[in-house]
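**Student:** Provided below: protein17.pdb, containing PDB, C-alpha atoms and all ligand atoms.
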ATOM      1  CA  MET A   1     -36.395  -2.679  13.549
ATOM      2  CA  ALA A   2     -37.312   0.855  12.512
ATOM      3  CA  GLY A   3     -34.859   2.621  14.764
ATOM      4  CA  GLU A   4     -31.935   0.481  13.741
ATOM      5  CA  THR A   5     -29.164   2.737  12.541
ATOM      6  CA  GLU A   6     -26.258   0.375  12.522
ATOM      7  CA  GLN A   7     -25.368  -0.455   8.941
ATOM      8  CA  LYS A   8     -24.452  -4.086   9.309
ATOM      9  CA  GLY A   9     -24.959  -5.271   5.764
ATOM     10  CA  PRO A  10     -23.344  -8.404   4.424
ATOM     11  CA  GLU A  11     -19.641  -8.583   5.093
ATOM     12  CA  THR A  12     -17.582  -7.044   2.306
ATOM     13  CA  ASP A  13     -15.062  -9.171   0.398
ATOM     14  CA  GLU A  14     -12.346  -7.029   1.895
ATOM     15  CA  GLY A  15     -13.632  -7.552   5.426
ATOM     16  CA  LEU A  16     -13.873 -11.287   4.889
ATOM     17  CA  ALA A  17     -10.354 -11.506   3.432
ATOM     18  CA  ARG A  18      -8.969  -9.544   6.369
ATOM     19  CA  ARG A  19     -10.756 -11.749   8.891
ATOM     20  CA  VAL A  20      -9.546 -14.973   7.241
ATOM     21  CA  LEU A  21      -5.924 -13.787   7.039
ATOM     22  CA  ARG A  22      -5.952 -12.541  10.615
ATOM     23  CA  SER A  23      -7.254 -15.834  11.971
ATOM     24  CA  GLU A  24      -4.828 -17.870   9.859
ATOM     25  CA  HIS A  25      -1.943 -15.797  11.204
ATOM     26  CA  GLU A  26      -3.181 -16.373  14.757
ATOM     27  CA  HIS A  27      -3.397 -20.104  14.194
ATOM     28  CA  LEU A  28       0.084 -20.173  12.634
ATOM     29  CA  ARG A  29       1.545 -18.277  15.581
ATOM     30  CA  VAL A  30       0.228 -20.983  17.899
ATOM     31  CA  LEU A  31       1.765 -23.751  15.766
ATOM     32  CA  LEU A  32       5.062 -21.890  15.547
ATOM     33  CA  ALA A  33       5.147 -21.357  19.311
ATOM     34  CA  SER A  34       4.736 -25.076  19.893
ATOM     35  CA  LEU A  35       7.370 -25.909  17.280
ATOM     36  CA  ASP A  36       9.744 -23.432  18.907
ATOM     37  CA  ASP A  37       9.049 -24.981  22.329
ATOM     38  CA  ARG A  38      10.017 -28.403  21.030
ATOM     39  CA  ALA A  39      13.208 -27.055  19.462
ATOM     40  CA  ARG A  40      14.122 -25.275  22.709
ATOM     41  CA  GLY A  41      13.406 -28.504  24.583
ATOM     42  CA  VAL A  42      15.794 -30.435  22.388
ATOM     43  CA  MET A  43      18.500 -27.819  22.963
ATOM     44  CA  ARG A  44      17.947 -27.914  26.728
ATOM     45  CA  GLY A  45      18.452 -31.656  26.608
ATOM     46  CA  ASP A  46      14.867 -32.533  27.533
ATOM     47  CA  ALA A  47      13.988 -36.118  26.782
ATOM     48  CA  LEU A  48      12.441 -35.319  23.442
ATOM     49  CA  SER A  49      13.154 -37.241  20.329
ATOM     50  CA  GLY A  50      14.102 -35.712  17.021
ATOM     51  CA  LEU A  51      10.999 -37.509  15.737
ATOM     52  CA  ASP A  52       8.724 -35.239  17.791
ATOM     53  CA  LEU A  53      10.516 -32.251  16.380
ATOM     54  CA  CYS A  54      10.132 -33.514  12.804
ATOM     55  CA  ALA A  55       6.429 -34.267  13.254
ATOM     56  CA  SER A  56       5.838 -30.804  14.680
ATOM     57  CA  LEU A  57       7.780 -29.229  11.810
ATOM     58  CA  GLU A  58       5.776 -31.186   9.217
ATOM     59  CA  ALA A  59       2.492 -29.995  10.749
ATOM     60  CA  ALA A  60       3.604 -26.361  10.795
ATOM     61  CA  ALA A  61       5.078 -26.587   7.273
ATOM     62  CA  LYS A  62       1.863 -28.009   5.851
ATOM     63  CA  THR A  63      -0.349 -25.325   7.416
ATOM     64  CA  LEU A  64       2.084 -22.615   6.421
ATOM     65  CA  THR A  65       2.248 -23.784   2.805
ATOM     66  CA  ASP A  66      -1.566 -23.948   2.554
ATOM     67  CA  HIS A  67      -1.779 -20.467   4.029
ATOM     68  CA  ILE A  68       0.763 -19.024   1.605
ATOM     69  CA  ARG A  69      -0.964 -20.575  -1.417
ATOM     70  CA  ASN A  70      -4.229 -19.017  -0.240
ATOM     71  CA  GLU A  71      -2.917 -15.604   0.511
ATOM     72  CA  GLU A  72      -2.473 -13.895  -2.849
ATOM     73  CA  PRO A  73      -6.152 -13.977  -3.926
ATOM     74  CA  LEU A  74      -7.154 -12.810  -0.433
ATOM     75  CA  VAL A  75      -4.692  -9.943  -0.457
ATOM     76  CA  ALA A  76      -5.895  -8.912  -3.920
ATOM     77  CA  LEU A  77      -9.305  -8.296  -2.341
ATOM     78  CA  MET A  78      -7.965  -5.981   0.302
ATOM     79  CA  LEU A  79      -5.324  -3.774  -1.269
ATOM     80  CA  PRO A  80      -5.989  -0.162  -0.331
ATOM     81  CA  PRO A  81      -7.530   1.895  -3.128
ATOM     82  CA  GLY A  82      -4.869   3.706  -5.110
ATOM     83  CA  ALA A  83      -2.132   1.235  -4.221
ATOM     84  CA  PRO A  84      -0.102   0.157  -7.229
ATOM     85  CA  ARG A  85      -1.867  -3.192  -7.377
ATOM     86  CA  SER A  86       0.205  -5.198  -9.780
ATOM     87  CA  GLU A  87       3.463  -4.138  -8.129
ATOM     88  CA  SER A  88       2.217  -4.950  -4.639
ATOM     89  CA  LEU A  89       0.957  -8.349  -5.740
ATOM     90  CA  ALA A  90       4.126  -9.100  -7.687
ATOM     91  CA  ARG A  91       6.203  -8.317  -4.615
ATOM     92  CA  LEU A  92       3.983 -10.433  -2.402
ATOM     93  CA  HIS A  93       4.376 -13.270  -4.894
ATOM     94  CA  GLU A  94       8.172 -12.911  -4.773
ATOM     95  CA  ASP A  95       8.046 -13.058  -0.970
ATOM     96  CA  HIS A  96       5.924 -16.182  -1.197
ATOM     97  CA  VAL A  97       8.270 -17.931  -3.597
ATOM     98  CA  ARG A  98      11.100 -17.233  -1.148
ATOM     99  CA  GLN A  99       9.022 -18.430   1.821
ATOM    100  CA  ILE A 100       7.982 -21.681   0.081
ATOM    101  CA  GLY A 101      11.660 -22.265  -0.759
ATOM    102  CA  GLU A 102      12.606 -21.788   2.906
ATOM    103  CA  ILE A 103       9.892 -24.188   4.053
ATOM    104  CA  GLU A 104      10.960 -26.841   1.556
ATOM    105  CA  SER A 105      14.606 -26.600   2.488
ATOM    106  CA  MET A 106      13.643 -26.835   6.167
ATOM    107  CA  GLN A 107      11.633 -30.003   5.449
ATOM    108  CA  ARG A 108      14.529 -31.457   3.470
ATOM    109  CA  LEU A 109      16.902 -30.760   6.332
ATOM    110  CA  ALA A 110      14.507 -32.427   8.798
ATOM    111  CA  ARG A 111      14.314 -35.539   6.638
ATOM    112  CA  THR A 112      18.054 -35.863   6.134
ATOM    113  CA  SER A 113      19.575 -34.460   9.329
ATOM    114  CA  ASP A 114      21.004 -36.936  11.783
ATOM    115  CA  ASP A 115      22.059 -34.182  14.172
ATOM    116  CA  VAL A 116      19.172 -33.081  16.345
ATOM    117  CA  VAL A 117      20.973 -30.014  17.756
ATOM    118  CA  SER A 118      21.676 -28.541  14.322
ATOM    119  CA  LEU A 119      18.115 -29.292  13.332
ATOM    120  CA  ALA A 120      16.727 -27.598  16.466
ATOM    121  CA  LEU A 121      18.871 -24.511  15.822
ATOM    122  CA  ALA A 122      17.795 -24.330  12.193
ATOM    123  CA  ILE A 123      14.161 -24.696  13.225
ATOM    124  CA  ARG A 124      14.441 -21.873  15.746
ATOM    125  CA  ALA A 125      15.934 -19.549  13.132
ATOM    126  CA  PHE A 126      13.183 -20.609  10.705
ATOM    127  CA  VAL A 127      10.446 -19.894  13.271
ATOM    128  CA  ASP A 128      11.904 -16.428  13.916
ATOM    129  CA  ASP A 129      11.947 -15.718  10.178
ATOM    130  CA  VAL A 130       8.352 -16.790   9.663
ATOM    131  CA  ARG A 131       7.221 -14.730  12.657
ATOM    132  CA  LEU A 132       8.943 -11.660  11.294
ATOM    133  CA  ASP A 133       7.421 -12.248   7.827
ATOM    134  CA  MET A 134       3.962 -12.425   9.391
ATOM    135  CA  ASP A 135       4.567  -9.290  11.453
ATOM    136  CA  VAL A 136       5.643  -7.449   8.321
ATOM    137  CA  GLU A 137       2.538  -8.658   6.458
ATOM    138  CA  ASP A 138       0.339  -7.610   9.382
ATOM    139  CA  ARG A 139       1.728  -4.119   9.031
ATOM    140  CA  ARG A 140       1.595  -4.026   5.249
ATOM    141  CA  PHE A 141      -2.036  -5.095   5.152
ATOM    142  CA  SER A 142      -3.102  -3.454   8.425
ATOM    143  CA  LEU A 143      -4.249  -6.801   9.781
ATOM    144  CA  SER A 144      -3.650  -6.423  13.465
ATOM    145  CA  PRO A 145      -1.855  -3.302  14.577
ATOM    146  CA  GLY A 146      -0.004  -4.028  17.790
ATOM    147  CA  ALA A 147      -0.681  -7.751  17.459
ATOM    148  CA  ASN A 148       0.877  -9.634  20.259
ATOM    149  CA  ARG A 149       3.725 -11.755  19.106
ATOM    150  CA  GLY A 150       3.140 -14.459  21.638
ATOM    151  CA  PRO A 151       6.040 -15.885  23.551
ATOM    152  CA  GLY A 152       8.524 -14.805  20.857
ATOM    153  CA  ALA A 153       9.333 -11.636  22.848
ATOM    154  CA  ALA A 154       9.382  -8.169  21.364
ATOM    155  CA  PRO A 155      12.289  -7.837  18.949
ATOM    156  CA  SER A 156      14.735  -4.971  19.118
ATOM    157  CA  CYS A 157      16.847  -3.310  16.442
ATOM    158  CA  LEU A 158      19.895  -5.464  15.898
ATOM    159  CA  ASP A 159      21.986  -2.324  15.418
ATOM    160  CA  CYS A 160      20.911   0.337  17.951
ATOM    161  CA  GLY A 161      18.845  -1.859  20.293
ATOM    162  CA  ASP A 162      15.668   0.250  20.106
ATOM    163  CA  SER A 163      12.544  -1.810  20.498
ATOM    164  CA  LEU A 164      10.806  -2.700  17.256
ATOM    165  CA  ALA A 165       7.194  -3.489  16.474
ATOM    166  CA  PRO A 166       7.340  -4.990  12.976
ATOM    167  CA  ALA A 167       3.563  -5.516  12.995
ATOM    168  CA  VAL A 168       3.157  -1.735  13.181
ATOM    169  CA  ASP A 169       6.418  -0.079  12.130
ATOM    170  CA  ARG A 170       8.485  -0.540   9.023
ATOM    171  CA  VAL A 171      11.694  -2.463   9.557
ATOM    172  CA  PHE A 172      14.413  -3.977   7.418
ATOM    173  CA  ALA A 173      14.541  -7.756   7.878
ATOM    174  CA  VAL A 174      18.153  -8.919   8.266
ATOM    175  CA  ARG A 175      17.863 -12.696   8.757
ATOM    176  CA  HIS A 176      16.910 -15.284  11.376
ATOM    177  CA  GLY A 177      13.924 -13.150  12.302
ATOM    178  CA  GLN A 178      16.130 -10.202  13.222
ATOM    179  CA  ALA A 179      15.565  -6.710  11.889
ATOM    180  CA  ILE A 180      16.889  -3.160  12.097
ATOM    181  CA  CYS A 181      14.928   0.062  12.513
ATOM    182  CA  MET A 182      14.409   2.512   9.676
ATOM    183  CA  ALA A 183      16.859   5.046  11.167
ATOM    184  CA  CYS A 184      19.645   2.455  11.223
ATOM    185  CA  ALA A 185      18.658   1.213   7.756
ATOM    186  CA  GLY A 186      18.985   4.801   6.479
ATOM    187  CA  ARG A 187      22.385   5.277   8.116
ATOM    188  CA  ARG A 188      23.476   2.082   6.405
ATOM    189  CA  GLY A 189      22.586   3.425   2.985
ATOM    190  CA  GLY A 190      19.124   1.912   2.642
ATOM    191  CA  ILE A 191      16.663   3.782   0.442
ATOM    192  CA  TYR A 192      13.046   2.987   1.000
ATOM    193  CA  ASP A 193      10.265   3.624  -1.531
ATOM    194  CA  GLU A 194       6.995   4.631   0.083
ATOM    195  CA  SER A 195       4.800   4.089  -2.993
ATOM    196  CA  THR A 196       5.658   0.416  -3.453
ATOM    197  CA  ASP A 197       6.521  -0.274   0.199
ATOM    198  CA  GLY A 198       9.826  -1.714  -0.921
ATOM    199  CA  TRP A 199      13.580  -1.037  -0.877
ATOM    200  CA  LEU A 200      15.103   0.773  -3.846
ATOM    201  CA  LYS A 201      18.472   0.137  -2.255
ATOM    202  CA  GLU A 202      18.985  -2.272   0.610
ATOM    203  CA  PRO A 203      21.078  -1.190   3.601
ATOM    204  CA  ARG A 204      24.522  -2.742   4.088
ATOM    205  CA  VAL A 205      24.248  -5.326   6.848
ATOM    206  CA  ASP A 206      27.152  -7.740   6.289
ATOM    207  CA  ASP A 207      28.594  -6.990   9.729
ATOM    208  CA  LEU A 208      25.212  -7.933  11.231
ATOM    209  CA  PHE A 209      25.244 -11.266   9.379
ATOM    210  CA  ASP A 210      28.561 -11.962  11.100
ATOM    211  CA  LEU A 211      27.110 -11.001  14.477
ATOM    212  CA  LEU A 212      24.143 -13.346  13.974
ATOM    213  CA  ASP A 213      26.394 -16.178  12.837
ATOM    214  CA  ARG A 214      28.476 -15.788  15.989
ATOM    215  CA  ARG A 215      25.334 -15.860  18.135
ATOM    216  CA  LEU A 216      24.186 -19.060  16.435
ATOM    217  CA  VAL A 217      27.555 -20.658  17.028
ATOM    218  CA  ASP A 218      27.400 -19.664  20.719
ATOM    219  CA  ASP A 219      23.917 -21.193  21.029
ATOM    220  CA  GLU A 220      25.136 -24.373  19.432
ATOM    221  CA  VAL A 221      28.188 -24.630  21.680
ATOM    222  CA  GLN A 222      25.993 -24.119  24.752
ATOM    223  CA  ALA A 223      23.423 -26.688  23.641
ATOM    224  CA  ARG A 224      26.065 -29.271  22.836
ATOM    225  CA  SER A 225      27.859 -28.865  26.149
ATOM    226  CA  ARG A 226      24.551 -29.174  28.008
ATOM    227  CA  LEU A 227      23.709 -32.349  26.089
ATOM    228  CA  ALA A 228      27.156 -33.805  26.715
ATOM    229  CA  ARG A 229      26.687 -33.621  30.485
TER     230      ARG A 229
HETATM  231 ZN    ZN A 301      18.195   0.914  15.038
END
Mind turning this structure into structure tokens?
Ligand SMILES: [Zn+2]

**Tutor:**
Amino acid sequence: MAGETEQKGPETDEGLARRVLRSEHEHLRVLLASLDDRARGVMRGDALSGLDLCASLEAAAKTLTDHIRNEEPLVALMLPPGAPRSESLARLHEDHVRQIGEIESMQRLARTSDDVVSLALAIRAFVDDVRLDMDVEDRRFSLSPGANRGPGAAPSCLDCGDSLAPAVDRVFAVRHGQAICMACAGRRGGIYDESTDGWLKEPRVDDLFDLLDRRLVDDEVQARSRLAR
């Protein structure tokens, strides 16, 4: 068509990589939501077996591992020009080694645990962590600004309570999918390096670990008393 002005040439490598990552993240969020539902069900005392929970975990773990193994070459295609490439990729690789370790220890726990409540609690914390990791990656690689988190609910800063959007804003990940805002991270001594998108000095958050541990214990007590009825 002579009058055609739209330049819709073949998709660039970068565009393709972005599209693949975005759709993998979407698919993973669906799997995680269903895994989380099962874990919640177990804690509510629904007639669900630990076997269901394990099968659902295995499915999510497999997809997640495949995704992680795929991600580094894709990300290499879409780093913004001028970004310190080797540093960004090295840091992504470190994150991936940690994530694979978390998945494997989750799978080990599922195979060996004979306590379905502890397993359900551990799975919920794991799901929150993976969701936060994906949100942070979405922001780092501008995959889906403002992406909806699904039924996981918008997180808020564990310290000041301000609402957080880890898919858009920088945050400091504490643990169990919980994070603090950059203002709180700064007050707690954190020093953030813009050029590598990493922490030169991590904020002090030991008191927040304690808070999260107490919350987990409360959840467990509640779940056990419900199941004992
Ligand atoms: Zn805060």

**Student:** Going by the chain IDs and residue numbers used in this file, which residues fall under the PyMOL selection byres (((not hetatm)) within 6 of (chain A and resi 301))? Write them as a VMD selection string.

**Tutor:** chain A and resid 157 159 to 162 180 to 181 183 to 184

**Student:** Please write the residues picked by the PyMOL selection byres (((chain A and resi 61) around 12) and not hetatm) on this file as JSON, numbers by chain.

**Tutor:** {"A": [28, 31, 32, 35, 54, 55, 56, 57, 58, 59, 60, 62, 63, 64, 65, 66, 67, 68, 99, 100, 101, 102, 103, 104, 105, 106, 107, 108, 110, 123, 126, 127, 130]}

**Student:** Would you save the residues from that selection as an mmCIF file, in the frame of the given file, using C-alpha atoms?

**Tutor:**
data_model
loop_
_atom_site.group_PDB
_atom_site.id
_atom_site.type_symbol
_atom_site.label_atom_id
_atom_site.label_comp_id
_atom_site.auth_asym_id
_atom_site.auth_seq_id
_atom_site.Cartn_x
_atom_site.Cartn_y
_atom_site.Cartn_z
ATOM 1 C CA LEU A 28 0.084 -20.173 12.634
ATOM 2 C CA LEU A 31 1.765 -23.751 15.766
ATOM 3 C CA LEU A 32 5.062 -21.890 15.547
ATOM 4 C CA LEU A 35 7.370 -25.909 17.280
ATOM 5 C CA CYS A 54 10.132 -33.514 12.804
ATOM 6 C CA ALA A 55 6.429 -34.267 13.254
ATOM 7 C CA SER A 56 5.838 -30.804 14.680
ATOM 8 C CA LEU A 57 7.780 -29.229 11.810
ATOM 9 C CA GLU A 58 5.776 -31.186 9.217
ATOM 10 C CA ALA A 59 2.492 -29.995 10.749
ATOM 11 C CA ALA A 60 3.604 -26.361 10.795
ATOM 12 C CA LYS A 62 1.863 -28.009 5.851
ATOM 13 C CA THR A 63 -0.349 -25.325 7.416
ATOM 14 C CA LEU A 64 2.084 -22.615 6.421
ATOM 15 C CA THR A 65 2.248 -23.784 2.805
ATOM 16 C CA ASP A 66 -1.566 -23.948 2.554
ATOM 17 C CA HIS A 67 -1.779 -20.467 4.029
ATOM 18 C CA ILE A 68 0.763 -19.024 1.605
ATOM 19 C CA GLN A 99 9.022 -18.430 1.821
ATOM 20 C CA ILE A 100 7.982 -21.681 0.081
ATOM 21 C CA GLY A 101 11.660 -22.265 -0.759
ATOM 22 C CA GLU A 102 12.606 -21.788 2.906
ATOM 23 C CA ILE A 103 9.892 -24.188 4.053
ATOM 24 C CA GLU A 104 10.960 -26.841 1.556
ATOM 25 C CA SER A 105 14.606 -26.600 2.488
ATOM 26 C CA MET A 106 13.643 -26.835 6.167
ATOM 27 C CA GLN A 107 11.633 -30.003 5.449
ATOM 28 C CA ARG A 108 14.529 -31.457 3.470
ATOM 29 C CA ALA A 110 14.507 -32.427 8.798
ATOM 30 C CA ILE A 123 14.161 -24.696 13.225
ATOM 31 C CA PHE A 126 13.183 -20.609 10.705
ATOM 32 C CA VAL A 127 10.446 -19.894 13.271
ATOM 33 C CA VAL A 130 8.352 -16.790 9.663
#

**Student:** I'd like the neighbourhood of Arg29 of chain A as a ChimeraX atom specification, where a residue qualifies if any of its atoms comes within 9 Å (using only C-alpha atoms), though same-chain residues fewer than 2 positions away should be ignored.

**Tutor:** /A:24-27,31-34,131,134,149-150

**Student:** Those residues with C-alpha atoms, as an mmCIF file, keeping the file's coordinate frame please?

**Tutor:**
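File written: result-v1.cif
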data_model
loop_
_atom_site.group_PDB
_atom_site.id
_atom_site.type_symbol
_atom_site.label_atom_id
_atom_site.label_comp_id
_atom_site.auth_asym_id
_atom_site.auth_seq_id
_atom_site.Cartn_x
_atom_site.Cartn_y
_atom_site.Cartn_z
ATOM 1 C CA GLU A 24 -4.828 -17.870 9.859
ATOM 2 C CA HIS A 25 -1.943 -15.797 11.204
ATOM 3 C CA GLU A 26 -3.181 -16.373 14.757
ATOM 4 C CA HIS A 27 -3.397 -20.104 14.194
ATOM 5 C CA LEU A 31 1.765 -23.751 15.766
ATOM 6 C CA LEU A 32 5.062 -21.890 15.547
ATOM 7 C CA ALA A 33 5.147 -21.357 19.311
ATOM 8 C CA SER A 34 4.736 -25.076 19.893
ATOM 9 C CA ARG A 131 7.221 -14.730 12.657
ATOM 10 C CA MET A 134 3.962 -12.425 9.391
ATOM 11 C CA ARG A 149 3.725 -11.755 19.106
ATOM 12 C CA GLY A 150 3.140 -14.459 21.638
#

**Student:** For Ser142 of chain A, which residue out of A:Val221, A:Met78, A:Arg226, A:Arg188 is the nearest one, using only C-alpha atoms?

**Tutor:**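 Closest to Ser142 of chain A of all the choices is A:Met78.
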
**Student:** Give me, as number ranges by chain, all polymer residues having an atom no more than 6 Å from segment 167-172 of chain A, counting only C-alpha atoms and skipping those fewer than 5 positions away in the same chain.

**Tutor:** A: 135-136, 138-139, 145, 179-182

**Student:** Between A:Leu200, A:Leu227, A:Leu16, A:Ala125, which is the closest to Leu212 of chain A once you count all atoms listed in the file?

**Tutor:**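 Distance minimum relative to Leu212 of chain A lands on A:Ala125.
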
**Student:** Please return as a PyMOL selection string every residue within 7 Å of (14.1, -29.9, 19.5), taking into account all atoms listed in the file and the file's own coordinates.

**Tutor:** chain A and resi 38-43+48+50+53+116+120

**Student:** To one decimal in Å, tell me the separation between atom CA of Gly186 of chain A and atom CA of Glu202 of chain A.

**Tutor:**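 Rounded to one decimal, the two atoms are 9.2 Å apart.
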
**Student:** What does the distance from atom CA of Val117 of chain A to atom CA of Arg44 of chain A come to in Å, to one decimal?

**Tutor:**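 Pair atom CA of Val117 of chain A / atom CA of Arg44 of chain A returns 9.7 Å.
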
**Student:** Quick one, how far is atom CA of Val205 of chain A from atom CA of Ser118 of chain A?

**Tutor:**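 Rounded to one decimal, the two atoms are 24.5 Å apart.
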
**Student:** Residues of segment 193-219 of chain A within 9 Å of segment 82-95 of chain A: nearest atom pair and distance (Å, one decimal) for each, counting only C-alpha atoms, sorted by chain and number, as JSON lines?

**Tutor:**
{"residue": "A:Ser195", "atom": "CA", "partner": "A:Pro84", "partner_atom": "CA", "distance": 7.6}
{"residue": "A:Thr196", "atom": "CA", "partner": "A:Ser88", "partner_atom": "CA", "distance": 6.5}
{"residue": "A:Asp197", "atom": "CA", "partner": "A:Ser88", "partner_atom": "CA", "distance": 8.0}
{"residue": "A:Gly198", "atom": "CA", "partner": "A:Arg91", "partner_atom": "CA", "distance": 8.4}
